[in-house]
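Undergrad: So I've got this file, structure-v6.cif, and it contains mmCIF, C-alpha atoms and all ligand atoms:
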```cif
data_coords
loop_
_atom_site.label_atom_id
_atom_site.label_comp_id
_atom_site.auth_asym_id
_atom_site.auth_seq_id
_atom_site.Cartn_x
_atom_site.Cartn_y
_atom_site.Cartn_z
CA MET A 16 5.23 -41.22 -13.84
CA THR A 17 8.93 -41.05 -14.73
CA ALA A 18 11.16 -38.86 -12.59
CA SER A 19 12.72 -37.41 -15.74
CA ARG A 20 9.60 -35.43 -16.68
CA THR A 21 10.47 -31.76 -16.72
CA ILE A 22 8.22 -28.74 -16.44
CA VAL A 23 9.63 -25.39 -17.58
CA ILE A 24 8.31 -22.29 -15.81
CA ALA A 25 8.84 -18.83 -17.30
CA GLY A 26 9.14 -16.29 -14.48
CA ALA A 27 10.46 -16.38 -10.90
CA GLY A 28 7.84 -14.07 -9.38
CA ILE A 29 5.60 -15.16 -6.53
CA GLY A 30 3.54 -17.35 -8.88
CA GLY A 31 6.44 -19.03 -10.67
CA LEU A 32 8.45 -19.79 -7.51
CA THR A 33 5.40 -21.18 -5.67
CA ALA A 34 4.49 -23.30 -8.69
CA ALA A 35 8.05 -24.66 -8.88
CA LEU A 36 7.92 -25.81 -5.26
CA ALA A 37 4.42 -27.28 -5.54
CA ILE A 38 5.17 -29.10 -8.82
CA ALA A 39 8.56 -30.40 -7.64
CA ALA A 40 6.81 -31.75 -4.53
CA ARG A 41 4.86 -34.00 -6.94
CA GLY A 42 8.06 -35.58 -8.25
CA PHE A 43 8.65 -33.51 -11.41
CA ARG A 44 11.91 -31.85 -12.34
CA VAL A 45 11.36 -28.11 -12.70
CA THR A 46 13.41 -25.58 -14.66
CA ILE A 47 12.66 -21.91 -14.00
CA LEU A 48 13.73 -19.42 -16.68
CA GLU A 49 13.75 -15.87 -15.36
CA LYS A 50 14.34 -12.80 -17.52
CA ALA A 51 15.91 -10.64 -14.78
CA GLU A 52 19.62 -10.89 -14.03
CA ARG A 53 18.91 -10.55 -10.30
CA LEU A 54 15.75 -10.99 -8.24
CA GLU A 55 15.61 -7.51 -6.81
CA GLU A 56 13.36 -5.86 -4.30
CA VAL A 57 10.40 -5.10 -6.59
CA GLY A 58 7.04 -4.03 -5.23
CA ALA A 59 6.23 -3.28 -1.65
CA GLY A 60 3.71 -4.74 0.79
CA LEU A 61 1.36 -7.65 0.10
CA GLN A 62 -1.63 -8.80 2.09
CA LEU A 63 -1.85 -12.58 2.03
CA SER A 64 -5.23 -13.85 3.16
CA PRO A 65 -5.82 -17.38 4.52
CA ASN A 66 -6.59 -18.89 1.09
CA ALA A 67 -3.02 -18.04 -0.01
CA SER A 68 -1.10 -18.44 3.26
CA ARG A 69 -2.58 -21.94 3.65
CA VAL A 70 -0.71 -23.01 0.49
CA LEU A 71 2.57 -21.45 1.67
CA VAL A 72 2.23 -23.05 5.11
CA GLY A 73 1.57 -26.38 3.34
CA LEU A 74 4.84 -25.95 1.41
CA GLY A 75 6.68 -25.55 4.74
CA LEU A 76 7.47 -21.83 4.39
CA ALA A 77 6.00 -20.58 7.68
CA PRO A 78 9.28 -20.76 9.66
CA GLN A 79 11.17 -18.70 7.04
CA LEU A 80 8.41 -16.10 6.87
CA ALA A 81 7.77 -15.86 10.61
CA ALA A 82 10.53 -13.27 11.18
CA HIS A 83 9.14 -10.93 8.50
CA VAL A 84 5.36 -11.01 8.62
CA VAL A 85 2.82 -9.06 10.64
CA THR A 86 -0.39 -10.85 11.59
CA PRO A 87 -3.01 -8.08 11.88
CA GLU A 88 -6.13 -8.50 13.96
CA THR A 89 -8.32 -5.92 12.23
CA VAL A 90 -9.12 -4.06 9.03
CA SER A 91 -10.34 -0.51 9.69
CA ILE A 92 -12.49 1.01 6.97
CA MET A 93 -12.10 4.78 7.13
CA THR A 94 -13.88 7.50 5.22
CA ALA A 95 -12.16 10.66 4.05
CA ARG A 96 -15.64 12.26 4.08
CA SER A 97 -15.71 12.60 7.87
CA GLY A 98 -12.14 11.56 8.67
CA GLY A 99 -13.45 8.75 10.84
CA GLU A 100 -13.78 4.99 11.03
CA VAL A 101 -16.86 3.55 9.34
CA MET A 102 -16.25 0.07 10.62
CA ARG A 103 -13.63 -2.26 12.07
CA LEU A 104 -13.55 -5.82 10.75
CA SER A 105 -12.01 -8.57 12.86
CA LEU A 106 -9.74 -11.04 11.09
CA ALA A 107 -9.83 -13.40 14.09
CA GLY A 108 -12.70 -15.46 12.68
CA SER A 109 -11.15 -16.15 9.28
CA ALA A 110 -7.47 -16.68 10.15
CA ARG A 111 -6.07 -19.87 11.73
CA PRO A 112 -2.52 -21.06 12.60
CA ASP A 113 -2.38 -23.14 9.39
CA ALA A 114 -3.97 -20.30 7.40
CA PRO A 115 -3.03 -16.94 8.94
CA TYR A 116 -3.62 -13.44 7.56
CA TRP A 117 -0.16 -12.10 6.76
CA LEU A 118 1.17 -8.67 5.85
CA VAL A 119 4.55 -9.13 4.20
CA HIS A 120 7.02 -7.25 2.03
CA ARG A 121 7.04 -8.84 -1.45
CA ALA A 122 10.86 -9.04 -1.29
CA ASP A 123 10.70 -11.08 1.96
CA LEU A 124 8.14 -13.46 0.44
CA GLN A 125 10.15 -13.81 -2.76
CA GLY A 126 13.32 -14.32 -0.67
CA ALA A 127 11.74 -17.15 1.34
CA LEU A 128 10.44 -18.83 -1.82
CA LEU A 129 13.80 -18.38 -3.54
CA ALA A 130 15.71 -19.96 -0.64
CA ALA A 131 13.38 -22.97 -0.74
CA VAL A 132 13.75 -23.24 -4.54
CA GLN A 133 17.56 -23.02 -4.38
CA SER A 134 17.79 -25.76 -1.77
CA HIS A 135 15.44 -28.11 -3.68
CA PRO A 136 17.38 -30.75 -5.65
CA GLY A 137 14.60 -31.07 -8.24
CA ILE A 138 14.52 -27.37 -9.26
CA ASP A 139 16.98 -25.43 -11.46
CA LEU A 140 16.72 -21.65 -11.63
CA HIS A 141 18.34 -19.77 -14.52
CA LEU A 142 18.51 -15.98 -14.26
CA ALA A 143 19.03 -13.72 -17.30
CA SER A 144 17.16 -16.35 -19.33
CA PRO A 145 14.11 -14.75 -20.92
CA VAL A 146 11.66 -17.03 -22.72
CA GLN A 147 11.32 -15.51 -26.17
CA ALA A 148 10.17 -18.39 -28.34
CA MET A 149 8.62 -21.81 -27.95
CA GLU A 150 7.22 -24.57 -30.09
CA ASP A 151 4.32 -26.61 -28.77
CA ALA A 152 4.56 -30.06 -30.42
CA THR A 153 2.45 -33.14 -29.64
CA ASP A 154 5.11 -34.99 -27.66
CA ALA A 155 6.85 -32.06 -25.92
CA VAL A 156 7.14 -28.31 -25.80
CA ARG A 157 10.46 -26.89 -26.98
CA VAL A 158 11.79 -23.77 -25.24
CA GLY A 159 15.14 -22.83 -26.76
CA ASP A 160 17.20 -26.03 -26.64
CA ARG A 161 15.10 -27.50 -23.83
CA HIS A 162 12.36 -30.11 -24.24
CA ALA A 163 9.72 -30.25 -21.53
CA ALA A 164 6.42 -31.93 -20.76
CA ALA A 165 4.85 -28.48 -20.25
CA LEU A 166 5.68 -24.77 -20.30
CA ILE A 167 4.03 -22.62 -17.65
CA GLY A 168 3.89 -18.90 -18.39
CA ALA A 169 4.23 -17.28 -14.95
CA ASP A 170 5.86 -14.27 -16.55
CA GLY A 171 3.52 -11.54 -15.36
CA ALA A 172 1.06 -9.13 -16.94
CA TRP A 173 3.35 -8.54 -19.94
CA SER A 174 3.80 -12.28 -20.46
CA ALA A 175 5.92 -13.32 -23.45
CA VAL A 176 4.45 -16.85 -23.25
CA ARG A 177 0.93 -15.42 -23.56
CA GLY A 178 2.14 -13.17 -26.37
CA ILE A 179 3.27 -16.24 -28.34
CA ALA A 180 0.37 -18.57 -27.45
CA PHE A 181 -2.48 -16.02 -27.47
CA PRO A 182 -1.24 -12.86 -29.22
CA ALA A 183 -4.70 -11.31 -29.41
CA ILE A 184 -5.11 -11.14 -25.61
CA GLN A 185 -3.52 -7.98 -24.22
CA PRO A 186 -3.64 -6.19 -20.85
CA ARG A 187 -5.72 -3.01 -20.68
CA PHE A 188 -4.97 0.16 -18.76
CA SER A 189 -7.55 0.85 -16.04
CA GLY A 190 -7.06 4.65 -15.90
CA LEU A 191 -5.67 4.28 -12.36
CA ILE A 192 -2.18 4.56 -10.90
CA ALA A 193 -1.10 2.82 -7.69
CA TRP A 194 1.38 5.00 -5.81
CA ARG A 195 3.44 2.73 -3.54
CA GLY A 196 5.83 3.79 -0.81
CA THR A 197 7.11 2.73 2.59
CA CYS A 198 8.38 4.48 5.70
CA ASP A 199 9.92 3.51 9.03
CA ALA A 200 7.22 2.90 11.62
CA ALA A 201 9.32 4.97 14.03
CA SER A 202 9.07 7.99 11.72
CA LEU A 203 5.32 8.26 12.39
CA PRO A 204 3.90 9.61 15.65
CA PRO A 205 2.57 6.66 17.74
CA GLU A 206 -1.07 7.65 17.20
CA LEU A 207 -0.63 7.37 13.42
CA ARG A 208 1.12 3.97 13.42
CA PRO A 209 -1.40 1.39 12.22
CA SER A 210 -1.43 -1.97 14.04
CA GLY A 211 -3.69 -3.53 11.41
CA VAL A 212 -4.86 -2.68 7.90
CA GLN A 213 -6.38 0.79 7.30
CA LEU A 214 -8.42 1.44 4.19
CA TRP A 215 -9.25 5.09 3.54
CA MET A 216 -12.05 5.65 1.01
CA GLY A 217 -12.09 9.05 -0.74
CA PRO A 218 -13.51 10.72 -3.84
CA ARG A 219 -12.13 8.92 -6.93
CA ALA A 220 -9.22 7.63 -4.83
CA HIS A 221 -8.34 5.44 -1.88
CA LEU A 222 -5.43 4.79 0.43
CA VAL A 223 -4.33 1.54 2.09
CA ILE A 224 -1.85 1.54 4.98
CA TYR A 225 -0.45 -1.34 7.01
CA PRO A 226 2.64 -2.48 8.92
CA MET A 227 5.01 -5.13 7.53
CA SER A 228 8.63 -6.30 8.05
CA ALA A 229 7.86 -7.46 11.60
CA GLY A 230 6.24 -4.07 12.28
CA GLN A 231 9.40 -2.06 11.48
CA ARG A 232 8.08 -0.62 8.20
CA ILE A 233 4.76 0.84 7.09
CA ASN A 234 3.42 0.18 3.60
CA LEU A 235 1.31 2.83 1.86
CA VAL A 236 -0.62 2.42 -1.39
CA ALA A 237 -2.61 5.33 -2.81
CA ILE A 238 -4.84 4.69 -5.82
CA LEU A 239 -5.41 7.78 -7.97
CA PRO A 240 -6.55 8.46 -11.52
CA GLY A 241 -3.68 9.09 -13.91
CA ALA A 242 -1.82 8.00 -17.01
CA PRO A 243 1.35 5.89 -17.41
CA LEU A 244 4.49 7.95 -17.96
CA ALA A 245 6.38 5.21 -19.80
CA PRO A 246 5.83 1.55 -20.73
CA GLY A 247 6.78 -0.89 -17.97
CA TRP A 248 5.76 -2.25 -14.60
CA SER A 249 6.60 0.71 -12.38
CA GLU A 250 8.25 4.14 -12.54
CA PRO A 251 9.49 6.72 -10.00
CA GLY A 252 6.73 8.99 -8.64
CA ALA A 253 7.15 12.63 -7.60
CA ALA A 254 6.38 13.22 -3.90
CA ASP A 255 5.02 16.71 -4.61
CA GLU A 256 2.48 15.30 -7.11
CA ILE A 257 0.95 12.88 -4.61
CA GLY A 258 1.31 15.49 -1.86
CA ARG A 259 -0.78 17.91 -3.97
CA HIS A 260 -3.53 15.32 -4.36
CA PHE A 261 -3.80 14.71 -0.62
CA ALA A 262 -3.61 18.45 0.12
CA ALA A 263 -7.26 18.69 -1.00
CA ALA A 264 -9.56 19.63 1.86
CA HIS A 265 -11.49 16.36 1.70
CA TRP A 266 -8.46 14.38 2.94
CA PRO A 267 -7.96 14.58 6.72
CA GLY A 268 -4.68 15.77 8.24
CA ASN A 269 -3.60 12.31 9.44
CA THR A 270 -3.65 10.92 5.87
CA ARG A 271 -1.54 13.89 4.74
CA ALA A 272 0.96 13.24 7.56
CA MET A 273 1.30 9.58 6.56
CA ILE A 274 1.75 10.48 2.89
CA ALA A 275 4.43 13.03 3.84
CA ALA A 276 6.39 10.38 5.79
CA VAL A 277 7.24 8.45 2.60
CA GLY A 278 10.56 9.44 1.01
CA ASN A 279 10.43 7.51 -2.25
CA TRP A 280 7.28 6.83 -4.23
CA ARG A 281 6.85 4.56 -7.21
CA ARG A 282 3.91 4.73 -9.58
CA TRP A 283 2.38 1.47 -10.84
CA PRO A 284 0.03 2.00 -13.77
CA LEU A 285 -2.72 -0.58 -13.18
CA PHE A 286 -3.18 -2.86 -16.19
CA THR A 287 -5.62 -5.76 -16.07
CA MET A 288 -6.32 -8.78 -18.23
CA PRO A 289 -9.78 -9.11 -19.72
CA ASP A 290 -12.07 -11.51 -17.81
CA GLY A 291 -12.29 -15.06 -19.05
CA GLY A 292 -9.26 -14.99 -21.39
CA ALA A 293 -7.54 -18.18 -22.62
CA TRP A 294 -5.36 -19.98 -20.06
CA HIS A 295 -3.97 -23.00 -21.88
CA SER A 296 -3.27 -24.59 -25.22
CA GLY A 297 -1.72 -28.03 -25.68
CA ARG A 298 1.31 -28.22 -23.38
CA VAL A 299 1.32 -24.52 -22.49
CA ALA A 300 -0.57 -22.89 -19.61
CA LEU A 301 -0.59 -19.47 -17.97
CA LEU A 302 -0.48 -18.74 -14.24
CA GLY A 303 -0.80 -15.66 -12.05
CA ASP A 304 -0.81 -12.17 -13.59
CA ALA A 305 -0.03 -13.64 -17.03
CA ALA A 306 -3.53 -15.18 -16.98
CA HIS A 307 -5.54 -12.81 -14.80
CA ALA A 308 -3.76 -9.57 -13.83
CA MET A 309 -6.38 -7.76 -11.76
CA LEU A 310 -6.93 -4.52 -9.90
CA PRO A 311 -5.35 -4.86 -6.44
CA PHE A 312 -8.53 -3.78 -4.59
CA ALA A 313 -9.35 -7.24 -3.28
CA ALA A 314 -5.65 -7.76 -2.35
CA GLN A 315 -5.72 -11.08 -4.21
CA GLY A 316 -3.39 -10.92 -7.26
CA ALA A 317 -0.54 -12.81 -5.60
CA GLY A 318 -3.08 -14.88 -3.65
CA MET A 319 -4.63 -16.12 -6.89
CA ALA A 320 -1.18 -16.87 -8.35
CA ILE A 321 -0.42 -18.96 -5.24
CA GLU A 322 -3.76 -20.78 -5.52
CA ASP A 323 -3.08 -21.38 -9.25
CA ALA A 324 0.25 -22.97 -8.32
CA ALA A 325 -1.36 -25.41 -5.87
CA VAL A 326 -4.10 -26.49 -8.31
CA LEU A 327 -1.68 -26.77 -11.24
CA ALA A 328 0.56 -29.08 -9.19
CA GLN A 329 -2.43 -31.24 -8.23
CA CYS A 330 -3.54 -31.55 -11.85
CA LEU A 331 -0.04 -32.34 -13.13
CA GLY A 332 0.49 -34.80 -10.28
CA ALA A 333 -2.62 -36.71 -11.33
CA ALA A 334 -1.27 -37.17 -14.89
CA ASP A 335 0.20 -40.69 -14.93
CA GLU A 336 1.64 -40.56 -18.41
CA ASP A 337 3.34 -37.85 -20.39
CA ARG A 338 0.52 -37.94 -22.94
CA ASP A 339 -1.93 -36.94 -20.13
CA ILE A 340 -0.24 -33.56 -19.57
CA PRO A 341 -2.33 -31.51 -22.06
CA ALA A 342 -5.53 -32.84 -20.42
CA ALA A 343 -4.09 -31.99 -16.99
CA LEU A 344 -3.48 -28.40 -18.12
CA ALA A 345 -7.01 -28.20 -19.51
CA ARG A 346 -8.36 -29.40 -16.16
CA TYR A 347 -6.24 -26.83 -14.32
CA ALA A 348 -7.63 -24.03 -16.49
CA ALA A 349 -11.22 -25.24 -16.05
CA LEU A 350 -10.79 -25.36 -12.26
CA ARG A 351 -9.12 -21.97 -11.94
CA ALA A 352 -10.64 -19.62 -14.51
CA PRO A 353 -14.14 -19.20 -12.96
CA ARG A 354 -12.75 -18.33 -9.53
CA ALA A 355 -10.08 -15.96 -10.84
CA THR A 356 -12.67 -14.21 -13.01
CA ARG A 357 -14.98 -13.78 -10.01
CA VAL A 358 -12.15 -12.27 -7.97
CA GLN A 359 -11.22 -9.94 -10.88
CA ARG A 360 -14.82 -8.68 -10.95
CA THR A 361 -14.99 -8.34 -7.17
CA ALA A 362 -11.80 -6.23 -7.18
CA ARG A 363 -13.27 -3.95 -9.84
CA GLN A 364 -16.54 -3.50 -7.92
CA GLN A 365 -14.70 -2.78 -4.68
CA GLY A 366 -12.76 0.01 -6.38
CA GLN A 367 -16.00 1.58 -7.62
CA ILE A 368 -17.44 1.47 -4.09
CA TYR A 369 -14.30 2.92 -2.47
CA HIS A 370 -14.16 5.83 -4.94
CA LEU A 371 -17.75 7.11 -4.59
CA GLN A 372 -18.16 10.81 -3.87
CA GLY A 373 -20.77 13.27 -2.58
CA PRO A 374 -24.15 12.02 -1.31
CA ILE A 375 -23.55 8.52 -2.70
CA ALA A 376 -20.46 8.21 -0.50
CA PHE A 377 -22.61 9.15 2.50
CA ALA A 378 -25.15 6.47 1.47
CA ARG A 379 -22.29 3.92 1.13
CA ASP A 380 -20.97 4.67 4.64
CA THR A 381 -24.50 4.42 6.08
CA ALA A 382 -25.18 1.13 4.24
CA MET A 383 -21.91 -0.34 5.54
CA ARG A 384 -22.77 0.63 9.11
CA LEU A 385 -26.25 -0.92 8.75
CA LEU A 386 -24.79 -4.11 7.33
CA GLY A 387 -22.42 -4.36 10.30
CA PRO A 388 -18.92 -5.84 10.56
CA ILE A 389 -19.92 -9.50 10.81
CA ARG A 390 -22.00 -9.52 7.65
CA LEU A 391 -19.49 -7.36 5.79
CA GLN A 392 -16.65 -9.68 6.79
CA ALA A 393 -18.73 -12.76 5.78
CA ARG A 394 -18.69 -11.41 2.20
CA GLN A 395 -15.00 -12.44 2.06
CA ASP A 396 -15.68 -16.05 3.15
CA TRP A 397 -15.81 -17.44 -0.40
CA ILE A 398 -12.32 -16.03 -0.97
CA TYR A 399 -10.68 -16.78 2.38
CA ASN A 400 -12.18 -20.24 3.00
CA TRP A 401 -10.77 -21.72 -0.22
CA THR A 402 -8.69 -24.86 0.24
CA PRO A 403 -6.55 -26.59 -2.43
C1 LIG B 501 -0.33 -1.65 -5.87
C2 LIG B 501 -0.44 -3.13 -5.82
C3 LIG B 501 -0.78 -3.76 -4.63
C4 LIG B 501 -0.93 -5.14 -4.58
N1 LIG B 501 -1.30 -5.72 -3.40
C5 LIG B 501 -1.52 -7.05 -3.36
C6 LIG B 501 -1.92 -7.68 -2.14
O1 LIG B 501 -2.06 -7.01 -1.10
N2 LIG B 501 -2.12 -9.02 -2.13
C7 LIG B 501 -1.97 -9.77 -3.27
O2 LIG B 501 -2.18 -11.00 -3.20
N3 LIG B 501 -1.57 -9.21 -4.43
C8 LIG B 501 -1.35 -7.87 -4.51
N4 LIG B 501 -0.93 -7.30 -5.68
C9 LIG B 501 -0.78 -8.13 -6.89
C10 LIG B 501 0.52 -8.91 -6.94
O3 LIG B 501 1.62 -8.05 -6.76
C11 LIG B 501 0.64 -9.61 -8.30
O4 LIG B 501 -0.60 -10.18 -8.64
C12 LIG B 501 1.68 -10.71 -8.20
O5 LIG B 501 2.92 -10.17 -7.85
C13 LIG B 501 1.77 -11.45 -9.54
O6 LIG B 501 2.74 -12.44 -9.44
P1 LIG B 501 3.21 -13.22 -10.73
O7 LIG B 501 4.25 -14.20 -10.25
O8 LIG B 501 2.04 -13.74 -11.48
O9 LIG B 501 3.87 -12.14 -11.68
P2 LIG B 501 5.14 -11.15 -11.45
O10 LIG B 501 5.32 -10.83 -10.01
O11 LIG B 501 4.93 -10.07 -12.43
O12 LIG B 501 6.37 -12.05 -11.88
C14 LIG B 501 6.66 -12.33 -13.23
C15 LIG B 501 8.13 -12.73 -13.35
O13 LIG B 501 8.36 -13.12 -14.71
C16 LIG B 501 9.57 -12.53 -15.18
N5 LIG B 501 9.49 -12.45 -16.64
C17 LIG B 501 8.85 -11.53 -17.39
N6 LIG B 501 8.98 -11.82 -18.70
C18 LIG B 501 9.71 -12.97 -18.77
C19 LIG B 501 10.17 -13.79 -19.84
N7 LIG B 501 9.91 -13.49 -21.12
N8 LIG B 501 10.88 -14.90 -19.56
C20 LIG B 501 11.17 -15.22 -18.28
N9 LIG B 501 10.76 -14.48 -17.21
C21 LIG B 501 10.04 -13.37 -17.46
C22 LIG B 501 9.62 -11.19 -14.47
O14 LIG B 501 10.93 -10.68 -14.44
C23 LIG B 501 9.09 -11.57 -13.08
O15 LIG B 501 10.13 -12.02 -12.25
C24 LIG B 501 -0.73 -5.92 -5.75
C25 LIG B 501 -0.35 -5.30 -6.95
C26 LIG B 501 -0.20 -3.92 -6.98
C27 LIG B 501 0.20 -3.27 -8.28
#
```
Give the structure from the file, written as structure tokens.
TA:
Amino acid sequence: MTASRTIVIAGAGIGGLTAALAIAARGFRVTILEKAERLEEVGAGLQLSPNASRVLVGLGLAPQLAAHVVTPETVSIMTARSGGEVMRLSLAGSARPDAPYWLVHRADLQGALLAAVQSHPGIDLHLASPVQAMEDATDAVRVGDRHAAALIGADGAWSAVRGIAFPAIQPRFSGLIAWRGTCDAASLPPELRPSGVQLWMGPRAHLVIYPMSAGQRINLVAILPGAPLAPGWSEPGAADEIGRHFAAAHWPGNTRAMIAAVGNWRRWPLFTMPDGGAWHSGRVALLGDAAHAMLPFAAQGAGMAIEDAAVLAQCLGAADEDRDIPAALARYAALRAPRATRVQRTARQQGQIYHLQGPIAFARDTAMRLLGPIRLQARQDWIYNWTP
């Protein structure tokens, strides 16, 4: 392999930055082209399960993240039906020091990745540089005036790279809105401050609450039916609208108190990519949400982007010659697509289970109790035990 081989990555989100570090670690030069003028604080909390954290630890990011993350011990599954806990899952069995379960603000994760990218001599990051056109030739891919061995579209659910390479594949609206907000942990009464992850299942809706930012902040995500107000990734949400939803008698008072503690809400219309879409063509490949935007109900969208990055780097690293790159991208897609599709489907099914109502919700809670925490937790093993 020649050191001059360059990979261009469109997008400096979690997927693009992780891919840059993983690919540069294999001796490639990497150029990241990011549309935004600044990498701002977009999004809110992320759960990173061991399959994803293992990759980040392997890239040497644990020390930078240590000051920001929370390592929860449990996931409490709560039911709005009775206001109580259906089950408490222990994360102790699945998490390890080299593969912890982390709760982290997306901005802190992006900041740690960005610092590593900026101090890496083999990576150039260009902000305010949207990828708008490309030409995939046999010997190289041309992106503006740049020639590269490959172009990786890590440019999110509304990917321009996908739009050029596979114009027929478009994200679809799920009919659901994620309301995201945060509050100071100190603003909640002690009995309402979660130490781990809380998942509240309710009729046609659910609520996820957990601490992040070293326990200083609480992240809240409420999933409700709704329609997008405007095109785009996220939009401001009116506190009285979400307050009205949780005022319904079937939501217990403690969920209402937590909802009321959030000052600023943002609405995220949930768009997903169809299962099994195209991932690569010639010297172009997609990664992360650009390939497989999914419902967030398995908490794996960023996790899958991070896994993609590790596998892509392995496949590119195994390509001895420049002419082997298209085959390396084909191998990457073949390795990743079945797993990402399975996670997409799992996320969809979990949403359907969380949103049951009436007697079926009672049957769900009873079935979960009968199954027990160990067997319920073991259902995540195929996700969490993944290694690159
Ligand atoms: C409510 C909610 C909760 C979630 N919770 C979790 C969770 O707990 N755990 C988890 O793992 N995941 C979670 N996710 C999913 C996760 O946020 C996404 O899957 C992840 O951020 C996708 O990363 P990405 O790098 O693929 O794309 P993005 O984060 O979308 O990054 C794409 C980047 O590309 C840039 N870009 C766009 N167009 C261009 C262009 N033409 N040229 C150059 N750059 C461009 C954008 O500016 C952006 O910086 C959640 C999502 C939501 C909505």
Undergrad: Taking 6 positions as the minimum chain separation for residues in the same chain, which residues sit within 10 Å of Gly178 of chain A when counting only C-alpha atoms? Answer as an MDAnalysis selection string.
TA: chainID A and resid 147:148 168 184:185 305
Undergrad: If you keep C-alpha atoms, can you produce a file of those selected residues as a CSV table (one decimal), in the coordinates of the input?
TA:
```csv
chain,number,residue,atom,x,y,z
A,147,GLN,CA,11.3,-15.5,-26.2
A,148,ALA,CA,10.2,-18.4,-28.3
A,168,GLY,CA,3.9,-18.9,-18.4
A,184,ILE,CA,-5.1,-11.1,-25.6
A,185,GLN,CA,-3.5,-8.0,-24.2
A,305,ALA,CA,0.0,-13.6,-17.0
```
Undergrad: Sort by chain and increasing residue number a table of all residues of segment 282-377 of chain A within 12 Å of segment 48-67 of chain A, each with its closest pair of atoms and their distance in Å to one decimal, counting all atoms listed in the file, and write it as JSON lines.
TA:
```
{"residue": "A:Arg282", "atom": "CA", "partner": "A:Gly58", "partner_atom": "CA", "distance": 10.3}
{"residue": "A:Trp283", "atom": "CA", "partner": "A:Gly58", "partner_atom": "CA", "distance": 9.1}
{"residue": "A:Pro311", "atom": "CA", "partner": "A:Leu61", "partner_atom": "CA", "distance": 9.8}
{"residue": "A:Phe312", "atom": "CA", "partner": "A:Gln62", "partner_atom": "CA", "distance": 10.8}
{"residue": "A:Ala313", "atom": "CA", "partner": "A:Gln62", "partner_atom": "CA", "distance": 9.5}
{"residue": "A:Ala314", "atom": "CA", "partner": "A:Gln62", "partner_atom": "CA", "distance": 6.1}
{"residue": "A:Gln315", "atom": "CA", "partner": "A:Leu63", "partner_atom": "CA", "distance": 7.5}
{"residue": "A:Gly316", "atom": "CA", "partner": "A:Leu61", "partner_atom": "CA", "distance": 9.4}
{"residue": "A:Ala317", "atom": "CA", "partner": "A:Leu63", "partner_atom": "CA", "distance": 7.7}
{"residue": "A:Gly318", "atom": "CA", "partner": "A:Ala67", "partner_atom": "CA", "distance": 4.8}
{"residue": "A:Met319", "atom": "CA", "partner": "A:Ala67", "partner_atom": "CA", "distance": 7.3}
{"residue": "A:Ala320", "atom": "CA", "partner": "A:Ala67", "partner_atom": "CA", "distance": 8.6}
{"residue": "A:Ile321", "atom": "CA", "partner": "A:Ala67", "partner_atom": "CA", "distance": 5.9}
{"residue": "A:Glu322", "atom": "CA", "partner": "A:Ala67", "partner_atom": "CA", "distance": 6.2}
{"residue": "A:Asp323", "atom": "CA", "partner": "A:Ala67", "partner_atom": "CA", "distance": 9.8}
{"residue": "A:Ala324", "atom": "CA", "partner": "A:Ala67", "partner_atom": "CA", "distance": 10.2}
{"residue": "A:Ala325", "atom": "CA", "partner": "A:Ala67", "partner_atom": "CA", "distance": 9.6}
{"residue": "A:Val326", "atom": "CA", "partner": "A:Ala67", "partner_atom": "CA", "distance": 11.9}
```
Undergrad: Report the distance between atom CA of Ala245 of chain A and atom CA of Gly26 of chain A in Å, rounded to one decimal place.
TA: 22.3 Å
Undergrad: Residues within 12 Å of Arg346 of chain A, please, as a PDB file with C-alpha atoms, in the frame of the given file. Count all atoms listed in the file; anything in the same chain fewer than 3 positions from it doesn't count.
TA:
```
ATOM      1  CA  TRP A 294      -5.360 -19.980 -20.060  1.00  0.00           C
ATOM      2  CA  HIS A 295      -3.970 -23.000 -21.880  1.00  0.00           C
ATOM      3  CA  SER A 296      -3.270 -24.590 -25.220  1.00  0.00           C
ATOM      4  CA  GLY A 297      -1.720 -28.030 -25.680  1.00  0.00           C
ATOM      5  CA  ALA A 300      -0.570 -22.890 -19.610  1.00  0.00           C
ATOM      6  CA  ASP A 323      -3.080 -21.380  -9.250  1.00  0.00           C
ATOM      7  CA  VAL A 326      -4.100 -26.490  -8.310  1.00  0.00           C
ATOM      8  CA  LEU A 327      -1.680 -26.770 -11.240  1.00  0.00           C
ATOM      9  CA  ALA A 328       0.560 -29.080  -9.190  1.00  0.00           C
ATOM     10  CA  GLN A 329      -2.430 -31.240  -8.230  1.00  0.00           C
ATOM     11  CA  CYS A 330      -3.540 -31.550 -11.850  1.00  0.00           C
ATOM     12  CA  LEU A 331      -0.040 -32.340 -13.130  1.00  0.00           C
ATOM     13  CA  GLY A 332       0.490 -34.800 -10.280  1.00  0.00           C
ATOM     14  CA  ALA A 333      -2.620 -36.710 -11.330  1.00  0.00           C
ATOM     15  CA  ALA A 334      -1.270 -37.170 -14.890  1.00  0.00           C
ATOM     16  CA  ASP A 339      -1.930 -36.940 -20.130  1.00  0.00           C
ATOM     17  CA  ILE A 340      -0.240 -33.560 -19.570  1.00  0.00           C
ATOM     18  CA  PRO A 341      -2.330 -31.510 -22.060  1.00  0.00           C
ATOM     19  CA  ALA A 342      -5.530 -32.840 -20.420  1.00  0.00           C
ATOM     20  CA  ALA A 343      -4.090 -31.990 -16.990  1.00  0.00           C
ATOM     21  CA  ALA A 349     -11.220 -25.240 -16.050  1.00  0.00           C
ATOM     22  CA  LEU A 350     -10.790 -25.360 -12.260  1.00  0.00           C
ATOM     23  CA  ARG A 351      -9.120 -21.970 -11.940  1.00  0.00           C
ATOM     24  CA  ALA A 352     -10.640 -19.620 -14.510  1.00  0.00           C
TER      25      ALA A 352
END
```
